[in-house]
Each structure stands twice: as C-alpha cells, then as structure tokens.
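Read the structure below first, then the notes.
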Amino acid sequence: MAKTLTVVMLLSSLSAPGSVETITWKVIALGPRGREVLAQGVKTYDPAKDVVVQQRAGGSTWWSKSVPLNDTYVVGASVHREPRLDGFGLWVKRRGDAGGFSWEWFNRAEGLVFKKLQGSGEVSITLKRGPGYEELESVEFLDDITLRYVDDMRKPTGTKTHEVIMTKGSLLRVSP
C-alpha cells in the first residue's frame with residue numbers, strides 16, 4: 001500500500017528584500033502505520049539568488065517562481081502581471097514525479113488579504129507595482145495553509161499523496 005506524505009514547512013519571518021530567508025520543513029509519511037517523519041531540514045536562501053524563475057509562454061507576462069527546499073521538494077507560485085491582481089496560485093513539486101500535480105488558488109478577500117479557494121486559510125501579500133500592473137512579490141501565511149499534492153494524476157480524483165503545510169507567520173518571497 002502506498003504511503004501518503006505530509007510536508008510541514010516553517011518559512012522565515014518578514015524581512016527586507018534582498019535579505020536571507022529561512023525555510024524549516026518536515027516530510028511526514030501517512031500510511032497504514034500512522035504518521036512517520038521521513039525528512040526534515042532548514043533551507044536558508046537569498047531570494048535575489050536562489051529563487052528559480054521560469055518565464056512562461058502565452059499572451060500575457062507570467063512566471064513560475066520557486067524555492068528548492070532540498071534535492072526532492074520545491075515550493076512555488078505562479079506569478080502573473082495583471083492590472084489588478086485578484087488571485088494567484090501556489091504549488092508544490094516533488095522531483096521524480098513526472099505525473100505529479102499540485103495547485104491551490106487564492107482569491108482577493110479584502111485589501112492585500114487573499115483567501116484559499118478550496119479549504120480554509122488566508123494569506124497577506126506584497127505587490128510589485130509598475131506602469132499599469134501589479135505582480136506578486138511575497139506571501140505571508142496568516143493561518144496554517146495546506147497545499148495538496150498527488151504524485152500521479154492518473155490516480156482517482158481527490159487522491160492526495162502529499163500535503164505541504166505552510167505554517168502561520170511563514171513567508172514565501174518570490175521576488176528580491
């Protein structure tokens with residue numbers, strides 16, 4: 001029987017752009033024997049140097065921006081340049097899972113506070129602003145947020161093989 005994994009991450013507190021951020025994370029397997037810690041660590045990163053940026057093709061300007069936690073796990077955001085940013089997606093990847101998928105959408109609730117579309121929790125964001133656009137810069141987790149993941153999309157709908165718990169007070173900075 002396949003094990004289900006939970007990844008618990010603690011991201012660093014707010015700091016100035018260009019400074020070092022720290023992500024503390026833990027991988028927990030959920031299986032027939034219960035919860036088992038598989039891996040844990042602390043990732044210290046400089047958003048100006050360590051955020052992986054991939055520009056995406058299409059009719060608008062957007063990027064996939066991520067932070068590798070170790071050789072296996074990556075957490076990231078889909079960053080769009082919009083006249084007004086009313087929503088964005090966060091995701092997790094596990095290297096080696098060609099058919100893996102994770103996607104959690106957040107809608108603007110009020111001001112710079114966004115609410116998770118499926119499930120509970122809110123985040124606060126900072127924006128990069130330019131002529132006629134807003135772009136996601138960082139995400140502060142106001143609640144514990146679960147990012148769901150399945151290692152193979154051929155599995156039945158609703159299956160999750162991983163959870164990434166972003167802990168209240170954590171910060172994911174995707175722009176320096």
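Each chain in the structure tokens gets a letter, A, B, ..., in the order shown, and its residues are numbered from 1; ligands are numbered from 1 in order too.
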Note to self: Quick one: residues within 8 Å of region 97-108 of chain A, only C-alpha atoms, excluding same-chain residues fewer than 3 positions away - as a ChimeraX atom specification?
What the structure shows: /A:85-94,111-118,147-154
Counting only C-alpha atoms, give me one row per residue of region 133-155 of chain A with an atom at most 12 Å from an atom of region 52-64 of chain A, showing the shortest contact pair and its distance in Å to one decimal, sorted by chain then residue number, as JSON lines.
{"residue": "A:Tyr133", "atom": "CA", "partner": "A:Thr61", "partner_atom": "CA", "distance": 10.5}
{"residue": "A:Glu134", "atom": "CA", "partner": "A:Thr61", "partner_atom": "CA", "distance": 11.3}
{"residue": "A:Glu135", "atom": "CA", "partner": "A:Trp62", "partner_atom": "CA", "distance": 9.1}
{"residue": "A:Leu136", "atom": "CA", "partner": "A:Trp63", "partner_atom": "CA", "distance": 10.3}
{"residue": "A:Glu137", "atom": "CA", "partner": "A:Trp63", "partner_atom": "CA", "distance": 11.8}
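Across the model, the gap from CA of Gly41 (chain A) to CA of Ser138 (chain A) is 21.7 Å.
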Margin query: When DSSP is applied to the backbone of this structure, which of chain A are assigned strand (DSSP E)? Write them out as an NGL selection string.
Written below: :A and (4-11 or 21-31 or 34-45 or 52-56 or 62-68 or 73-80 or 87-94 or 104-110 or 113-116 or 122-130 or 133-141 or 145-149 or 162-166 or 171-173)
Selection export as a JSON list (two decimals), in the first residue's frame, atoms kept: C-alpha atoms:
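selection_38.json written:
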[["chain", "number", "residue", "atom", "x", "y", "z"],
["A", 4, "THR", "CA", 0.78, 9.40, 1.86],
["A", 5, "LEU", "CA", 3.30, 12.12, 2.70],
["A", 6, "THR", "CA", 2.82, 15.39, 4.53],
["A", 7, "VAL", "CA", 5.40, 18.16, 4.20],
["A", 8, "VAL", "CA", 5.36, 20.71, 7.01],
["A", 9, "MET", "CA", 7.23, 23.95, 6.32],
["A", 10, "LEU", "CA", 8.02, 26.89, 8.52],
["A", 11, "LEU", "CA", 9.09, 29.89, 6.47],
["A", 21, "GLU", "CA", 15.14, 33.95, 4.30],
["A", 22, "THR", "CA", 14.92, 30.61, 6.11],
["A", 23, "ILE", "CA", 12.51, 27.76, 5.44],
["A", 24, "THR", "CA", 12.21, 24.98, 8.02],
["A", 25, "TRP", "CA", 10.46, 21.90, 6.63],
["A", 26, "LYS", "CA", 9.48, 18.37, 7.57],
["A", 27, "VAL", "CA", 8.26, 15.43, 5.48],
["A", 28, "ILE", "CA", 5.77, 13.12, 7.20],
["A", 29, "ALA", "CA", 4.51, 9.85, 5.70],
["A", 30, "LEU", "CA", 0.89, 8.93, 6.40],
["A", 31, "GLY", "CA", 0.30, 5.24, 5.91],
["A", 34, "GLY", "CA", 0.22, 6.20, 11.04],
["A", 35, "ARG", "CA", 2.45, 9.26, 10.76],
["A", 36, "GLU", "CA", 6.18, 8.82, 10.19],
["A", 37, "VAL", "CA", 8.75, 11.63, 9.81],
["A", 38, "LEU", "CA", 10.78, 10.88, 6.67],
["A", 39, "ALA", "CA", 12.92, 14.01, 6.34],
["A", 40, "GLN", "CA", 13.32, 17.48, 7.77],
["A", 41, "GLY", "CA", 15.62, 20.40, 7.31],
["A", 42, "VAL", "CA", 16.28, 24.12, 7.23],
["A", 43, "LYS", "CA", 16.72, 25.89, 3.91],
["A", 44, "THR", "CA", 18.35, 29.32, 4.07],
["A", 45, "TYR", "CA", 18.01, 31.22, 0.81],
["A", 52, "VAL", "CA", 14.22, 29.73, -9.58],
["A", 53, "VAL", "CA", 12.38, 31.76, -12.25],
["A", 54, "GLN", "CA", 10.89, 30.29, -15.43],
["A", 55, "GLN", "CA", 9.10, 32.65, -17.80],
["A", 56, "ARG", "CA", 6.04, 31.05, -19.35],
["A", 62, "TRP", "CA", 3.82, 35.34, -16.26],
["A", 63, "TRP", "CA", 6.37, 33.22, -14.46],
["A", 64, "SER", "CA", 6.78, 30.12, -12.36],
["A", 65, "LYS", "CA", 8.88, 31.17, -9.32],
["A", 66, "SER", "CA", 10.05, 28.56, -6.83],
["A", 67, "VAL", "CA", 12.37, 27.78, -3.94],
["A", 68, "PRO", "CA", 14.01, 24.34, -3.88],
["A", 73, "TYR", "CA", 10.92, 19.17, -2.73],
["A", 74, "VAL", "CA", 10.14, 22.56, -4.29],
["A", 75, "VAL", "CA", 7.50, 25.14, -3.32],
["A", 76, "GLY", "CA", 6.44, 27.92, -5.66],
["A", 77, "ALA", "CA", 3.97, 30.43, -7.01],
["A", 78, "SER", "CA", 2.53, 31.23, -10.41],
["A", 79, "VAL", "CA", 3.21, 34.95, -10.84],
["A", 80, "HIS", "CA", 1.13, 36.96, -13.32],
["A", 87, "GLY", "CA", -5.90, 35.84, -7.48],
["A", 88, "PHE", "CA", -2.82, 33.64, -7.69],
["A", 89, "GLY", "CA", -1.77, 30.01, -7.39],
["A", 90, "LEU", "CA", 0.69, 28.26, -5.09],
["A", 91, "TRP", "CA", 2.04, 24.74, -5.68],
["A", 92, "VAL", "CA", 4.50, 22.09, -4.57],
["A", 93, "LYS", "CA", 6.60, 19.74, -6.71],
["A", 94, "ARG", "CA", 8.40, 16.56, -5.85],
["A", 104, "GLU", "CA", -4.05, 25.89, -4.72],
["A", 105, "TRP", "CA", -5.80, 29.10, -5.76],
["A", 106, "PHE", "CA", -6.17, 32.20, -3.59],
["A", 107, "ASN", "CA", -8.76, 34.95, -4.26],
["A", 108, "ARG", "CA", -8.58, 38.53, -3.02],
["A", 109, "ALA", "CA", -10.73, 38.90, 0.11],
["A", 110, "GLU", "CA", -10.01, 42.49, 1.14],
["A", 113, "VAL", "CA", -5.54, 39.65, 2.11],
["A", 114, "PHE", "CA", -6.35, 36.60, -0.02],
["A", 115, "LYS", "CA", -8.46, 33.56, 0.92],
["A", 116, "LYS", "CA", -7.78, 29.98, -0.12],
["A", 122, "GLU", "CA", -5.83, 33.40, 4.49],
["A", 123, "VAL", "CA", -2.58, 34.96, 3.35],
["A", 124, "SER", "CA", -1.35, 38.51, 3.04],
["A", 125, "ILE", "CA", 0.76, 39.50, 0.06],
["A", 126, "THR", "CA", 3.13, 42.22, -1.01],
["A", 127, "LEU", "CA", 3.00, 43.50, -4.57],
["A", 128, "LYS", "CA", 5.49, 44.78, -7.06],
["A", 129, "ARG", "CA", 3.84, 47.62, -8.98],
["A", 130, "GLY", "CA", 4.73, 49.03, -12.37],
["A", 133, "TYR", "CA", 0.30, 46.33, -13.45],
["A", 134, "GLU", "CA", 0.57, 44.50, -10.15],
["A", 135, "GLU", "CA", 2.70, 41.38, -9.61],
["A", 136, "LEU", "CA", 3.03, 39.00, -6.65],
["A", 137, "GLU", "CA", 6.19, 39.65, -4.62],
["A", 138, "SER", "CA", 5.72, 37.67, -1.38],
["A", 139, "VAL", "CA", 3.15, 35.65, 0.54],
["A", 140, "GLU", "CA", 2.79, 35.78, 4.34],
["A", 141, "PHE", "CA", 0.69, 32.98, 5.79],
["A", 145, "ILE", "CA", -2.29, 26.58, 4.89],
["A", 146, "THR", "CA", -2.34, 23.11, 3.32],
["A", 147, "LEU", "CA", -1.06, 22.71, -0.24],
["A", 148, "ARG", "CA", -2.32, 19.39, -1.64],
["A", 149, "TYR", "CA", -0.25, 17.17, -3.95],
["A", 162, "HIS", "CA", 1.32, 14.74, -0.04],
["A", 163, "GLU", "CA", 0.36, 17.81, 1.91],
["A", 164, "VAL", "CA", 2.56, 20.86, 2.34],
["A", 165, "ILE", "CA", 1.59, 22.70, 5.49],
["A", 166, "MET", "CA", 2.66, 26.33, 5.33],
["A", 171, "LEU", "CA", 6.85, 33.97, 4.41],
["A", 172, "LEU", "CA", 7.47, 32.87, 0.82],
["A", 173, "ARG", "CA", 9.34, 35.63, -1.02]]
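Between CA of Thr161 (chain A) and CA of Asp50 (chain A) the separation is 27.1 Å.
CA of Leu69 (chain A) lies 10.6 Å from CA of Val51 (chain A).
Distances from A:Pro47, A:Gly119, A:Ser170, A:Gly96 to Val20 (chain A) were compared using only C-alpha atoms, and the smallest one belongs to A:Pro47.
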